[in-house]
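Asker: Shown below is the structure under consideration.
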Amino acid sequence: MQLEELDQRIQTLEDIEAIKQLKARYCAGADERDEEAFVGCFTEDASWDGGSFGHYEGRDAIRTFFRAIPDRLSFAVHYVMNPQIEVDGDRASGRWYLLEPCTMLSEGGAQAVWGSARYEEEYVRQNGEWKIHQLRLIPNFWTPFDQGWVKQRFGGQ
């Protein structure tokens, strides 16, 4: 194996790890209500597409969305797993599974909910740091805790 090839393989592994750390900061920022940590994960021209949670273009719109989250979710823990990350120079794509126990708020009050979804994301390296450029959340279910996804696949929203 040539030294140049080895350097490239190491760089790819370092990039994948940096993207995993980026995703961990995103989840911690969301769960801990840390606006700067959460919003800092995105490029200025990023998009966040959460289906029924809305679509937001640009970091300022994502910040506005983040500030409104407590009106819909008073509690959440983002468990992300099974990352599939592909790096191509200063661009990368990723796919993650999400399991999220949360408390959704509605006119009927607070409700314990299980959420499951898939994240599909595009990343860019800016000034040596990976950022989320596009995020798409594709739900599998959001269901009341006591109902489960068999009885009620989509509820609590």
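Ligands are numbered from 1 in the order shown, chains are lettered A, B, ... in the order of the structure tokens, and residues start at 1 in each chain.
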Any chance you could list, as a list of chain:residue names, the residues in region 42-156 of chain A that come up helix (DSSP H, G or I) when DSSP is run on the backbone?
Answerer: A:Gly51, A:Ser52, A:Phe53, A:Arg59, A:Asp60, A:Ala61, A:Ile62, A:Arg63, A:Thr64, A:Phe65, A:Phe66, A:Arg67, A:Ala68, A:Ile69, A:Pro70, A:Asp71, A:Gly148, A:Trp149, A:Val150, A:Lys151
Asker: At most 8 Å is the cut-off: for each residue in region 59-84 of chain A with any atom that close to an atom of region 88-99 of chain A, write down the nearest atom pair and the distance in Å rounded to one decimal, counting only C-alpha atoms, chain first then increasing number, as a tab-separated table.
Answerer:
```
residue	atom	partner	partner_atom	distance
A:His78	CA	A:Leu99	CA	6.4
A:Tyr79	CA	A:Leu99	CA	5.2
A:Val80	CA	A:Leu98	CA	4.6
A:Met81	CA	A:Tyr97	CA	5.3
A:Asn82	CA	A:Trp96	CA	5.7
A:Pro83	CA	A:Trp96	CA	4.8
A:Gln84	CA	A:Arg95	CA	5.1
```
Asker: So that I can see what lies close to Asp45 (chain A), please list as a VMD selection string the residues with an atom at most 8 Å from it, counting only C-alpha atoms and leaving out residues fewer than 5 positions away in the same chain.
Answerer: chain A and resid 57 to 59 133
Asker: Please identify all polymer residues within 10 Å of Tyr123 (chain A), counting only C-alpha atoms, omitting same-chain residues fewer than 6 positions from it, and present them as a list in words.
Answerer: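 Listed by chain and then number, they are Ile19, Leu22, Cys41, Phe42, Thr43, Ala46, Ile85, Glu86, Val87, Asp90, Arg91, Ala92, Ser93, Gly94, Trp130, Lys131, Ile132, His133, Gln134 and Leu135 of chain A.
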Asker: From the options A:Phe66, A:Phe75, A:Tyr119, A:Trp114, which residue's atoms come nearest to Lys23 (chain A), counting only C-alpha atoms?
Answerer: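 Ranked by minimum distance to Lys23 (chain A), first place goes to A:Tyr119.
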Asker: Return the single residue from A:Ala37, A:Ile16, A:Ala112, A:Ala28 that is closest to Phe145 (chain A), with distances computed using only C-alpha atoms.
Answerer: A:Ala112
Asker: Of the residues A:Ser116, A:Thr64, A:Ser106, A:Gln2, which is the one nearest to Trp48 (chain A), using only C-alpha atoms?
Answerer: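 For Trp48 (chain A), the nearest of the given residues is A:Thr64.
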Asker: Might you pull out every residue within 12 Å of Asp34 (chain A), with only C-alpha atoms counted and same-chain residues fewer than 6 positions away left off, and present them as a PyMOL selection string?
Answerer: chain A and resi 25-28+40-41+63+66-67+69
Asker: Using Å and a single decimal, report how far CA of Ala24 (chain A) sits from CA of Glu36 (chain A).
Answerer: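 If I compute the distance from CA of Glu36 (chain A) to CA of Ala24 (chain A), I get 14.1 Å.
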Asker: Return the single residue from A:Gln21, A:Ser52, A:Gln8, A:Ser47 that is closest to Trp142 (chain A), with distances computed using only C-alpha atoms.
Answerer: A:Ser52
